[in-house]
Amino acid sequence: MGEGFTPRIVGFLCNWCSYAGADLAGAAKLEIPASLSVIRVMCSGRVDPVLVATALLQGADGVLIAGCHPGDCHYREGNYYARRRFALLKKTLETLGLDTERLMLAWVSASEGQRFGEVANQFAGQIMELGPNPMKTKISL
Amino acid sequence: MTDKKENAPVLVIGAGIAGIEASLLLANSGRKVYLIEKTSYIGGNVIKFEEVFPNMDCATCMIAPKQQELLADENIELLTLSQVEAVSGAAGDFSVKIKQKAGYIDLVNCIGCSACFDPCPVEVDNEFEEGLTKRKAVYIPCAGALPNVPVIDTENCLRFKGQDCQACQEACAFEAIDFNQQDKELELKVGAIVVATGFSMFDINKTSQYGYKKLGGVYSAMEIERICASNGPTQGQITLQSGEAPKSVAIINCVGREEKGYCSSVCCMAALKLCHFLKNKLPELKITQFYSDLCIPGKAYQQFYQKVKESGVDFIRAEVTGVSESAKELAVKYKTDEGKENTLAADMVILNPALEPGADSAKLAGMLNIPQSREGFFSEKEPDLTPVATAQDGIFIAGCAQGPKDIAETIAEAEATAGRILSRSG
Amino acid sequence: MAKRLGVYVCECGTNIADKVDIDKVLAAVSALKDVEVADRYKLLCSGDGQGYLKQSITENGLTHLVVAACSPKQHETTFMKVCEQAGLNPYLFQLVNIREQCAWVTPDGEEATDKAIRQIRAAISRVHYHTALEKKGMECNPDVLVIGGGIAGIKASQILAAPDRKVYLVEKTASLGGKTKRFSKLFVNMESGPGLIAGEIERLQKSKNIEVLTESEAEQILGFLGNFEVKVVSKAEDKEDKEQNFNVGAVVLATGFELFDAKGLPQYGYGTLDDVYTSLDFEEMNLADGPTQGKVLLKNGQPPKSAAIIHCVGRAEKGYCSKVCCLYSFKFDRMLQSQLPGVKIAHFYSDLCIPGKANQKFYEDTRESGVEFVRSAVTEIAGGDKGLTVKYETETGAKGDLAVDMVILLPAMETSSDARKFAEMLNIPQDDKGFLAEEHQLLSPVASAVEGVFVIGCARGPQSIAESIVQAEAAAGKILSALVPGRKLELEVKTSQILESFCTGCKTCIEVCPYGAITFDEDRRISVVNEVLCHGCGNCAAACPSGAARLKHFTFPQIYQELKEVLR
Ligand SMILES: Cc1cc2nc3c(=O)[nH]c(=O)nc-3n(C[C@H](O)[C@H](O)[C@H](O)COP(=O)(O)OP(=O)(O)OC[C@H]3O[C@@H](n4cnc5c(N)ncnc54)[C@H](O)[C@@H]3O)c2cc1C
Ligand SMILES: Cc1cc2nc3c(=O)[nH]c(=O)nc-3n(C[C@H](O)[C@H](O)[C@H](O)COP(=O)(O)OP(=O)(O)OC[C@H]3O[C@@H](n4cnc5c(N)ncnc54)[C@H](O)[C@@H]3O)c2cc1C
Ligand code: SF4
Ligand code: SF4
Ligand code: SF4
Ligand code: SF4
Ligand code: SF4
Ligand code: FES
């Protein structure tokens with residue numbers, strides 16, 4: 001798709017697991033698509049739907065939220081809330097007729113450098129196929 | 001109780017989860033802590049596990065924040081590559097001689113970039129990975145190991161064999177490699193000592209019937225832990241030497257229990273955890289567990305067993321008398337309680353050995369002048385009443401150094417040593 | 001005051017410089033708003049690098065700092081310390097990870113440079129919105145309330161009490177010692193339980209800093225770590241009720257266990273057949289001040305010639321192994337053998353649970369003394385003129401009968417009936433078995449989900465005495481480490497904050513806080529964060545529908561700034 005399309009993807013990663021996993025991918029010198037920019041949050045539970053929606057409105061072609069595996073959240077249960085919010089957000093976007101494939105929620109532990117690489121690449125690939133976020137051109141804030 | 005000088009520093013020996021927890025609590029109260037660790041990394045055995053029973057928490061995620069907190073704590077002085085050489089004095093006023101081996105890496109300059117590994121011409125088995133992968137003579141044991149500083153292994157480094165190699169030094173942009181480093185002797189004055197030196201695994205080679213290291217497809221539990229780990233030698237992929245995934249696995253429990261004369265408390269659960277890993281990765285895999293008694297104490301463990309059992313694992317109560325090779329597979333010969341003999345074919349066999357005292361326990365016990373139990377673990381003062389104290393005032397034990405146990409009990413004991421040391425109840 | 005930003009890019013030797021064109025980065029960011037200095041350095045984390053950074057901050061009078069280097073996991077604290085030394089609030093600083101998450105993972109140099117520029121611009125925008133945050137301390141009370149005077153509670157009290165730390169030990173019954181004081185012998189060394197307890201009580205009484213309140217119950221506990229308000233009511237039989245109120249900094253729950261009611265399994269005949277006893281009944285029988293003056297006797301006054309010990313009674317119903325019954329059953333063998341030479345004993349069991357270094361020998365010695373072990377399930381205990389019959393079935397389906405004089409059941413240990421009361425009073429969860437749950441089963445075994453409340457001994461599950469004592473000492477360790485007399489409790493800096501004027505009082509945040517850190521202020525009709533309890537996860541900030549709950553250092557405007565720049 002899209003000649004010369006260089007997507008912009010944001011990844012909200014929780015500090016304790018997924019961010020550490022992304023660091024480990026770095027230490028292993030894996031290749032992570034440059035289109036992914038990471039924003040560190042303390043817990044996936046901090047990521048509110050408004051942030052995600054704002055990202056999409058700002059023209060993000062994809063938004064990744066990654067946190068600790070269920071049961072492993074450093075703050076006990078933040079990721080369960082993240083999961084619930086994510087499900088709700090997807091529904092809302094669906095009803096608005098928006099692409100839900102632009103969103104991804106993943107669990108990546110602090111030892112899963114490899115997995116972080118896979119998640120990042122797979123998601124970036126998916127976004128490449130979807131092409132640019134139509135809101136980028138339609139709506140300009 | 002002990003007459004200890006208040007607020008004297010504390011020496012913690014062994015930076016496994018027990019040593020880490022004890023150090024953190026003591027330091028947080030304001031005590032100065034010297035934490036000495038004989039290897040180059042902290043975390044002990046737990047960091048080898050991908051996940052831990054009974055809730056299958058991610059071990060790294062659990063431990064890493066504690067490790068980072070420890071490394072950042074200004075009250076804790078971590079000395080890696082260090083061992084106790086001599087101890088004198090009494091509670092409140094011990095003098096401890098420590099020998100710190102040179103690692104030949106400058107801890108201040110090294111940024112942990114690992115650029116020095118590649119050019120090193122030496123390749124040897126990586127013991128952290130149970131010899132399943134190779135490492136260089138300059139290395140860190142596994143990705144994510146902390147502190148993130150390599151060490152030069154003088155047994156294998158060419159330079160220390162009289163050859164003129166300096167490939168690593170040339171590759172280091174930070175002048176962090178210093179071949180002139182010398183082993184150091186330190187003298188520490190401490191008020192109390194916590195022994196948290198953990199356990200070793202029973203050497204399966206002391207048994208012959210299981211074909212360990214002789215037959216392909218026979219592994220130890222610790223090897224499988226690493227194979228299942230996403231930061232391990234196969235990134236969590238389970239394959240036989242042929243490169244194919246196994247179709248059937250036999251797990252043999254209590255290897256070495258007879259020889260050691262005790263039940264190691266955690267192996268049944270560890271075996272169940274392996275079943276859980278294997279079933280998750282290879283749902284079609286046929287797993288058979290050979291066991292004599294299931295030891296799954298504690299409120300949450302039986303449930304884990306039931307879950308594993310329901311996932312389709314067979315349990316056979318029998319004694320395994322031999323493992324041999326037959327055609328493409330392995331043959332596990334066993335005898336049931338009633339004396340019936342039978343054979344089971346499997347293409348992978350996992351041996352689950354006993355936990356035993358660390359190899360240098362006797363030496364350490366001698367230096368600290370504390371007794372060992374019949375089994376070689378450090379002894380409690382009174383097993384019922386003072387479970388973390390030793391016969392020597394001011395010297396405490398925690399974790400698997402005292403006897404085999406799970407992480408929860410290990411942590412509780414570590415916290416208990418802090419309780420004893422910080423107590424001023426007189 | 002005008003902002004003066006410093007932006008420093010670390011070469012990290014070759015690690016960053018090899019991939020990222022740092023000059024291009026500097027050119028791209030040096031003209032941004034308020035950027036006073038933009039510079040590169042070979043190795044910022046080195047001693048020299050830190051010195052340079054410190055000097056540069058002071059010389060240039062910087063008000064905000066951005067460092068692009070390695071992961072915050074590596075050196076965030078290093079640079080925060082530099083800020084402090086340079087007199088800059090460390091929260092007016094942002095670290096950009098252009099090593100692990102840029103230079104090392106982006107093969108193409110140009111792409112890496114572009115990404116680094118985006119990330120640094122984001123940090124520059126973000127840091128504009130940072131506010132200075134200060135470490136706070138809170139006065140705390142070092143005293144401790146211990147509930148339950150069994151061995152766990154006694155030991156915890158002993159070790160905690162000190163001239164500057166008072167301990168209140170509250171026991172429901174008239175005497176201390178819990179179950180242990182009724183065990184004539186203890187495994188594995190066969191010491192006396194009453195003897196052990198007497199010694200411990202004597203030690204306890206020597207301490208001037210422990211106030212023992214027997215026949216008392218804690219009726220109300222309000223507050224949080226460092227500051228609980230407690231109401232205890234004493235109800236001695238012959239006296240008037242007495243209410244006492246005091247403050248403590250921590251609470252230790254040591255309310256112990258109860259036995260599974262064997263009457264619930266009629267096949268064992270407990271309560272209907274003579275000479276079927278529970279383990280606790282048997283312990284009573286062995287006590288000099290017990291119903292038989294310490295003699296093991298049948299209902300008819302005769303000593304038994306044979307006994308059957310039935311393991312795991314209620315295990316299937318409870319769904320867990322009680323961990324200590326196998327071991328104390330071998331103690332029973334010795335108690336029977338020493339009183340009744342020649343007595344025949346048979347154990348009916350499925351698996352022996354004897355973990356720990358010293359315990360197998362205890363078992364082996366038992367076995368060698370002639371005790372029989374029958375691996376089977378007991379289907380029924382039948383009564384008759386000539387005594388009892390144990391009917392059993394082995395794992396292979398073979399059936400058998402054994403006639404005995406006496407049957408001893410080993411019922412599961414279950415949570416005490418008061419667990420629920422405390423769970424509700426203190427808002428701590430019970431696990432699926434009803435025991436008071438630990439904060440984290442592995443990592444934090446003696447703390448509860450509520451900070452400052454600890455659970456030890458059999459209140460948190462079946463344990464031996466030694467394990468109960470370890471946990472008592474462990475809770476003491478955690479309390480002694482956290483509540484140091486004369487020292488303030490250090491609080492998390494990046495906590496949540498609720499803006500009064502935005503809060504609609506919907507209480508959404510209260511529901512989602514994993515630490516119970518938010519309460520509702522009925523007067524002002526708004527929610528308030530307790531900074532002692534807040535861990536700074538941000539869950540409330542994400543949930544608040546009106547933007548009133550804000551997580552310091554991770555506020556919406558801060559994250560928004562970052563977001564908008566990385567998307568450019
Ligand atoms: C296969 C297997 C799987 C397991 N899985 C689980 C599980 O899933 N869940 C669970 O709860 N438990 C599990 N366990 C048990 C768990 O490993 C232990 O409870 C835990 O490791 C004990 O920690 P420790 O600190 O006492 O000892 P260790 O982890 O052994 O650490 C001891 C440390 O001391 C150092 N040291 C040793 N000697 C010296 C010396 N002389 N001087 C200086 N330093 C020294 C060592 O290098 C090491 O770093 C498992 C055990 C095995 C064998
Ligand atoms: C038959 C039998 C034999 C055993 N033999 C041994 C042995 O030989 N060796 C060994 O190590 N272990 C043995 N055990 C295990 C041992 O009993 C426990 O480890 C030990 O009792 C645990 O102590 P605890 O203080 O946690 O609980 P408990 O002994 O149950 O004490 C709890 C105390 O809290 C009090 N309490 C309860 N609710 C309240 C309330 N609401 N307010 C105030 N106070 C309250 C109770 O009155 C009691 O005094 C045996 C267990 C059984 C059942
Ligand atoms: S000197 Fe040579 S052999 Fe030794 S660690 Fe360095 S590169 Fe390897
Ligand atoms: S010694 Fe040098 S090359 Fe090796 S990891 Fe440390 S800084 Fe990098
Ligand atoms: S300790 Fe023994 S008797 Fe008790 S439940 Fe466990 S296996 Fe059964
Ligand atoms: S969720 Fe927001 S508006 Fe509702 S009570 Fe909490 S802070 Fe107030
Ligand atoms: S930030 Fe987390 S811990 Fe703090 S009040 Fe909000 S939800 Fe509770
Ligand atoms: S801390 Fe990782 S998801 Fe909560």
# chains A, B, ... in the order shown; residues from 1 in each chain; ligands from 1
>>> interface_residues(of="chain B", to="chain A", cutoff="12 Å", atoms="only C-alpha atoms", output="ChimeraX atom specification")
/B:47-52,54-66,68,111-115,140,142-145,148,228-232,234-237
>>> closest_atom_pairs(of="chain A", to="chain C", cutoff="7 Å", atoms="only C-alpha atoms", output="JSON lines")
{"residue": "A:Arg8", "atom": "CA", "partner": "C:Leu567", "partner_atom": "CA", "distance": 5.8}
{"residue": "A:Ala22", "atom": "CA", "partner": "C:Gln101", "partner_atom": "CA", "distance": 6.8}
{"residue": "A:Asp23", "atom": "CA", "partner": "C:Glu100", "partner_atom": "CA", "distance": 5.2}
{"residue": "A:Gly26", "atom": "CA", "partner": "C:Glu100", "partner_atom": "CA", "distance": 4.3}
{"residue": "A:Ala27", "atom": "CA", "partner": "C:Glu100", "partner_atom": "CA", "distance": 6.2}
{"residue": "A:Lys29", "atom": "CA", "partner": "C:Trp104", "partner_atom": "CA", "distance": 5.3}
{"residue": "A:Leu30", "atom": "CA", "partner": "C:Val105", "partner_atom": "CA", "distance": 5.5}
{"residue": "A:Glu31", "atom": "CA", "partner": "C:Val105", "partner_atom": "CA", "distance": 4.6}
{"residue": "A:Ile32", "atom": "CA", "partner": "C:Val105", "partner_atom": "CA", "distance": 5.2}
{"residue": "A:Pro33", "atom": "CA", "partner": "C:Thr106", "partner_atom": "CA", "distance": 6.9}
{"residue": "A:Ala34", "atom": "CA", "partner": "C:Thr106", "partner_atom": "CA", "distance": 6.1}
{"residue": "A:Ser37", "atom": "CA", "partner": "C:Val566", "partner_atom": "CA", "distance": 6.4}
{"residue": "A:Met42", "atom": "CA", "partner": "C:Cys537", "partner_atom": "CA", "distance": 5.9}
{"residue": "A:Cys43", "atom": "CA", "partner": "C:Cys537", "partner_atom": "CA", "distance": 5.7}
{"residue": "A:Gly45", "atom": "CA", "partner": "C:Asn539", "partner_atom": "CA", "distance": 4.8}
{"residue": "A:Arg46", "atom": "CA", "partner": "C:Gly538", "partner_atom": "CA", "distance": 4.5}
{"residue": "A:Val47", "atom": "CA", "partner": "C:Ala542", "partner_atom": "CA", "distance": 5.8}
{"residue": "A:Asp48", "atom": "CA", "partner": "C:Ala542", "partner_atom": "CA", "distance": 4.3}
{"residue": "A:Ala55", "atom": "CA", "partner": "C:Leu563", "partner_atom": "CA", "distance": 6.8}
{"residue": "A:Gln58", "atom": "CA", "partner": "C:Lys564", "partner_atom": "CA", "distance": 6.7}
{"residue": "A:Gly59", "atom": "CA", "partner": "C:Leu567", "partner_atom": "CA", "distance": 6.9}
{"residue": "A:Ala60", "atom": "CA", "partner": "C:Leu567", "partner_atom": "CA", "distance": 6.2}
{"residue": "A:Tyr75", "atom": "CA", "partner": "C:Cys537", "partner_atom": "CA", "distance": 6.3}
{"residue": "A:Arg76", "atom": "CA", "partner": "C:Pro514", "partner_atom": "CA", "distance": 6.5}
{"residue": "A:Glu77", "atom": "CA", "partner": "C:Pro514", "partner_atom": "CA", "distance": 6.5}
{"residue": "A:Gly78", "atom": "CA", "partner": "C:Asn539", "partner_atom": "CA", "distance": 6.3}
>>> write_last_selection(atoms="C-alpha atoms", output="compact mmCIF listing (two decimals), in the first residue's frame")
# COMPACT_ATOMS: atom_id res chain seq x y z
CA ARG A 8 3.71 7.06 12.75
CA ALA A 22 11.79 -3.09 24.78
CA ASP A 23 15.14 -2.28 26.37
CA GLY A 26 17.64 -3.11 22.25
CA ALA A 27 20.36 -4.92 24.16
CA LYS A 29 20.15 -5.41 18.86
CA LEU A 30 16.92 -6.61 17.33
CA GLU A 31 15.39 -4.52 14.59
CA ILE A 32 12.41 -2.42 15.64
CA PRO A 33 10.60 -0.31 13.05
CA ALA A 34 11.66 3.33 13.38
CA SER A 37 7.87 5.88 19.10
CA MET A 42 4.25 3.84 34.86
CA CYS A 43 1.49 1.32 34.21
CA GLY A 45 -3.55 1.36 33.62
CA ARG A 46 -2.53 5.00 33.13
CA VAL A 47 -3.43 4.92 29.45
CA ASP A 48 -6.86 6.41 29.20
CA ALA A 55 -3.26 10.02 19.36
CA GLN A 58 -3.31 13.72 15.98
CA GLY A 59 -2.76 11.41 13.07
CA ALA A 60 -1.19 8.35 14.62
CA TYR A 75 0.52 -2.18 40.67
CA ARG A 76 -1.50 -5.33 41.21
CA GLU A 77 -4.26 -4.88 38.68
CA GLY A 78 -3.60 -1.89 36.43
>>> select_by_dssp(residues="stretch 109-253 of chain C", states="strand (DSSP E)", output="ChimeraX atom specification")
/C:137-138,144-147,167-170,210-213,216-224,227-234,242-248,250-253
>>> residues_around(residues="C:Ile345", least_positions_apart="2", cutoff="7 Å", atoms="only C-alpha atoms", output="ChimeraX atom specification")
/C:306-308,343,347,371-372
>>> write_last_selection(atoms="N, CA and C atoms", output="tab-separated table (two decimals), in the first residue's frame")
chain	number	residue	atom	x	y	z
C	306	SER	N	-4.65	-51.18	69.44
C	306	SER	CA	-4.34	-50.83	68.05
C	306	SER	C	-5.01	-49.51	67.71
C	307	ALA	N	-4.40	-48.81	66.78
C	307	ALA	CA	-4.96	-47.52	66.36
C	307	ALA	C	-4.76	-47.32	64.87
C	308	ALA	N	-5.72	-46.66	64.25
C	308	ALA	CA	-5.58	-46.29	62.85
C	308	ALA	C	-5.53	-44.77	62.77
C	343	VAL	N	1.72	-51.40	70.92
C	343	VAL	CA	0.51	-50.97	70.21
C	343	VAL	C	0.73	-51.07	68.71
C	347	HIS	N	-1.25	-46.30	59.33
C	347	HIS	CA	-1.63	-45.02	58.72
C	347	HIS	C	-2.33	-45.31	57.39
C	371	VAL	N	5.51	-49.24	62.46
C	371	VAL	CA	4.22	-48.66	62.09
C	371	VAL	C	3.92	-49.03	60.64
C	372	GLU	N	2.66	-49.35	60.40
C	372	GLU	CA	2.29	-49.76	59.05
C	372	GLU	C	1.76	-48.59	58.24
>>> atom_distance(atom1="atom CA of C:Phe224", atom2="atom CA of C:Val532")
7.8 Å
>>> closest_residue(among="C:Gln441, C:Ser192, C:Thr272, C:Gln302", to="ligand 1", atoms="only C-alpha atoms and all ligand atoms")
C:Gln441
>>> residues_around(residues="A:Leu89", least_positions_apart="2", cutoff="9 Å", atoms="only C-alpha atoms", output="list in words")
Pro49, Val52, Ala53, Arg84, Arg85, Phe86, Ala87, Lys91, Thr92, Leu93, Glu94 and Thr100 of chain A
>>> closest_residue(among="B:Pro371, B:Gly211, B:Gly298, B:Pro150", to="chain C", atoms="only C-alpha atoms")
B:Gly298
>>> interface_residues(of="chain C", to="chain B", cutoff="8 Å", atoms="only C-alpha atoms", output="ChimeraX atom specification")
/C:13-15,46,73,77,158-163,207,319-323,350-361,433,441-446,461-462,465-467,469-478,480-482,484
>>> atom_distance(atom1="atom CA of A:Arg83", atom2="atom CA of C:Thr508")
16.8 Å
>>> residues_around(residues="A:Pro7", least_positions_apart="5", cutoff="9 Å", atoms="only C-alpha atoms", output="ChimeraX atom specification")
/A:35-36,60-62,124,127-128,131-133
>>> select_by_dssp(residues="chain A", states="helix (DSSP H, G or I)", output="PyMOL selection string")
chain A and resi 18-27+44-46+49-57+78-95+113-130+134-138
>>> closest_atom_pairs(of="chain C", to="ligand 6", cutoff="10 Å", atoms="only C-alpha atoms and all ligand atoms", output="CSV")
residue,atom,partner,partner_atom_place_in_ligand_line,distance
C:Ser496,CA,ligand 6,7 (S),9.7
C:Gln497,CA,ligand 6,7 (S),8.3
C:Ile498,CA,ligand 6,7 (S),5.3
C:Leu499,CA,ligand 6,7 (S),7.2
C:Glu500,CA,ligand 6,8 (Fe),7.8
C:Ser501,CA,ligand 6,8 (Fe),9.2
C:Phe502,CA,ligand 6,3 (S),6.5
C:Cys503,CA,ligand 6,8 (Fe),3.6
C:Thr504,CA,ligand 6,3 (S),4.3
C:Gly505,CA,ligand 6,5 (S),3.8
C:Cys506,CA,ligand 6,4 (Fe),3.8
C:Lys507,CA,ligand 6,5 (S),3.7
C:Thr508,CA,ligand 6,1 (S),4.2
C:Cys509,CA,ligand 6,1 (S),4.1
C:Ile510,CA,ligand 6,6 (Fe),6.3
C:Glu511,CA,ligand 6,1 (S),8.7
C:Val512,CA,ligand 6,1 (S),9.0
C:Cys513,CA,ligand 6,6 (Fe),9.9
C:Ile518,CA,ligand 6,6 (Fe),8.2
C:Thr519,CA,ligand 6,5 (S),9.0
C:Phe520,CA,ligand 6,5 (S),7.6
C:Asp521,CA,ligand 6,5 (S),9.7
C:Arg525,CA,ligand 6,5 (S),8.5
C:Ile526,CA,ligand 6,8 (Fe),5.7
C:Ser527,CA,ligand 6,5 (S),4.8
C:Val528,CA,ligand 6,7 (S),7.5
C:Val529,CA,ligand 6,7 (S),8.8
C:Cys540,CA,ligand 6,1 (S),6.6
C:Ala541,CA,ligand 6,2 (Fe),7.5
C:Ala542,CA,ligand 6,1 (S),8.9
C:Ala543,CA,ligand 6,1 (S),6.2
C:Cys544,CA,ligand 6,1 (S),3.6
C:Pro545,CA,ligand 6,2 (Fe),5.8
C:Ser546,CA,ligand 6,3 (S),5.1
C:Gly547,CA,ligand 6,2 (Fe),6.2
C:Ala548,CA,ligand 6,7 (S),4.7
C:Ala549,CA,ligand 6,7 (S),4.5
C:Arg550,CA,ligand 6,7 (S),8.3
>>> residues_around(residues="C:Lys81", least_positions_apart="3", cutoff="12 Å", atoms="only C-alpha atoms", output="list in words")
Ala72 and Glu74 of chain B; Cys45, Gln50, Gly51, Leu53, Lys54, His75, Glu76, Thr77, Thr78, Glu84, Gln85, Ala86, Gly87, Leu88, Asn89, Pro90, Tyr91 and Phe93 of chain C
>>> write_last_selection(atoms="N, CA and C atoms", output="PDB file, in the first residue's frame")
ATOM      1  N   ALA B  72      20.433   0.806  43.229  1.00  0.00           N
ATOM      2  CA  ALA B  72      20.366   2.256  43.410  1.00  0.00           C
ATOM      3  C   ALA B  72      20.471   2.649  44.884  1.00  0.00           C
ATOM      4  N   GLU B  74      21.781   3.603  48.264  1.00  0.00           N
ATOM      5  CA  GLU B  74      23.092   4.091  48.687  1.00  0.00           C
ATOM      6  C   GLU B  74      23.602   3.434  49.962  1.00  0.00           C
TER       7      GLU B  74
ATOM      8  N   CYS C  45      27.407   9.660  31.513  1.00  0.00           N
ATOM      9  CA  CYS C  45      27.240   8.989  32.798  1.00  0.00           C
ATOM     10  C   CYS C  45      28.563   8.841  33.536  1.00  0.00           C
ATOM     11  N   GLN C  50      29.291  13.598  34.267  1.00  0.00           N
ATOM     12  CA  GLN C  50      28.394  14.160  35.284  1.00  0.00           C
ATOM     13  C   GLN C  50      28.895  15.527  35.745  1.00  0.00           C
ATOM     14  N   GLY C  51      30.216  15.633  35.886  1.00  0.00           N
ATOM     15  CA  GLY C  51      30.814  16.898  36.293  1.00  0.00           C
ATOM     16  C   GLY C  51      30.521  17.985  35.271  1.00  0.00           C
ATOM     17  N   LEU C  53      28.091  18.041  33.118  1.00  0.00           N
ATOM     18  CA  LEU C  53      26.663  18.342  33.094  1.00  0.00           C
ATOM     19  C   LEU C  53      26.301  19.299  34.232  1.00  0.00           C
ATOM     20  N   LYS C  54      26.846  18.992  35.393  1.00  0.00           N
ATOM     21  CA  LYS C  54      26.557  19.799  36.570  1.00  0.00           C
ATOM     22  C   LYS C  54      27.017  21.244  36.335  1.00  0.00           C
ATOM     23  N   HIS C  75      20.211   4.991  33.738  1.00  0.00           N
ATOM     24  CA  HIS C  75      20.817   6.174  34.356  1.00  0.00           C
ATOM     25  C   HIS C  75      19.866   7.296  34.726  1.00  0.00           C
ATOM     26  N   GLU C  76      18.575   7.035  34.796  1.00  0.00           N
ATOM     27  CA  GLU C  76      17.684   8.125  35.196  1.00  0.00           C
ATOM     28  C   GLU C  76      18.071   8.666  36.580  1.00  0.00           C
ATOM     29  N   THR C  77      18.323   7.730  37.518  1.00  0.00           N
ATOM     30  CA  THR C  77      18.666   8.200  38.866  1.00  0.00           C
ATOM     31  C   THR C  77      20.018   8.924  38.874  1.00  0.00           C
ATOM     32  N   THR C  78      20.939   8.472  38.047  1.00  0.00           N
ATOM     33  CA  THR C  78      22.243   9.152  37.976  1.00  0.00           C
ATOM     34  C   THR C  78      22.044  10.629  37.642  1.00  0.00           C
ATOM     35  N   GLU C  84      20.109  17.429  41.286  1.00  0.00           N
ATOM     36  CA  GLU C  84      20.070  17.843  42.686  1.00  0.00           C
ATOM     37  C   GLU C  84      21.344  18.573  43.077  1.00  0.00           C
ATOM     38  N   GLN C  85      22.458  17.994  42.647  1.00  0.00           N
ATOM     39  CA  GLN C  85      23.744  18.621  42.990  1.00  0.00           C
ATOM     40  C   GLN C  85      23.875  20.003  42.364  1.00  0.00           C
ATOM     41  N   ALA C  86      23.265  20.154  41.207  1.00  0.00           N
ATOM     42  CA  ALA C  86      23.374  21.441  40.526  1.00  0.00           C
ATOM     43  C   ALA C  86      22.273  22.404  40.968  1.00  0.00           C
ATOM     44  N   GLY C  87      21.486  21.976  41.930  1.00  0.00           N
ATOM     45  CA  GLY C  87      20.447  22.847  42.453  1.00  0.00           C
ATOM     46  C   GLY C  87      19.209  22.924  41.574  1.00  0.00           C
ATOM     47  N   LEU C  88      19.064  21.957  40.689  1.00  0.00           N
ATOM     48  CA  LEU C  88      17.895  21.926  39.817  1.00  0.00           C
ATOM     49  C   LEU C  88      16.951  20.835  40.329  1.00  0.00           C
ATOM     50  N   ASN C  89      15.682  21.140  40.419  1.00  0.00           N
ATOM     51  CA  ASN C  89      14.739  20.111  40.863  1.00  0.00           C
ATOM     52  C   ASN C  89      14.766  18.942  39.877  1.00  0.00           C
ATOM     53  N   PRO C  90      15.001  17.737  40.370  1.00  0.00           N
ATOM     54  CA  PRO C  90      15.201  16.594  39.468  1.00  0.00           C
ATOM     55  C   PRO C  90      13.972  16.242  38.623  1.00  0.00           C
ATOM     56  N   TYR C  91      12.833  16.796  38.974  1.00  0.00           N
ATOM     57  CA  TYR C  91      11.642  16.498  38.171  1.00  0.00           C
ATOM     58  C   TYR C  91      11.480  17.490  37.025  1.00  0.00           C
ATOM     59  N   PHE C  93      13.451  17.516  34.685  1.00  0.00           N
ATOM     60  CA  PHE C  93      14.402  16.853  33.807  1.00  0.00           C
ATOM     61  C   PHE C  93      13.680  15.725  33.085  1.00  0.00           C
TER      62      PHE C  93
END
>>> residues_around(residues="C:Met425", least_positions_apart="3", cutoff="7 Å", atoms="only C-alpha atoms", output="PDB file with N, CA, C and O atoms, in the first residue's frame")
ATOM      1  N   GLN C 220     -12.570  -2.043  66.175  1.00  0.00           N
ATOM      2  CA  GLN C 220     -12.507  -1.103  65.058  1.00  0.00           C
ATOM      3  C   GLN C 220     -11.054  -0.711  64.805  1.00  0.00           C
ATOM      4  O   GLN C 220     -10.290  -0.480  65.741  1.00  0.00           O
ATOM      5  N   ILE C 221     -10.673  -0.698  63.554  1.00  0.00           N
ATOM      6  CA  ILE C 221      -9.336  -0.233  63.184  1.00  0.00           C
ATOM      7  C   ILE C 221      -9.503   0.670  61.970  1.00  0.00           C
ATOM      8  O   ILE C 221      -9.993   0.244  60.926  1.00  0.00           O
ATOM      9  N   LYS C 421     -14.248 -11.255  59.617  1.00  0.00           N
ATOM     10  CA  LYS C 421     -14.427 -10.021  60.366  1.00  0.00           C
ATOM     11  C   LYS C 421     -13.270  -9.055  60.087  1.00  0.00           C
ATOM     12  O   LYS C 421     -13.475  -7.875  59.813  1.00  0.00           O
ATOM     13  N   PHE C 422     -12.042  -9.589  60.143  1.00  0.00           N
ATOM     14  CA  PHE C 422     -10.897  -8.704  59.923  1.00  0.00           C
ATOM     15  C   PHE C 422     -10.766  -8.306  58.461  1.00  0.00           C
ATOM     16  O   PHE C 422     -10.341  -7.203  58.137  1.00  0.00           O
TER      17      PHE C 422
END
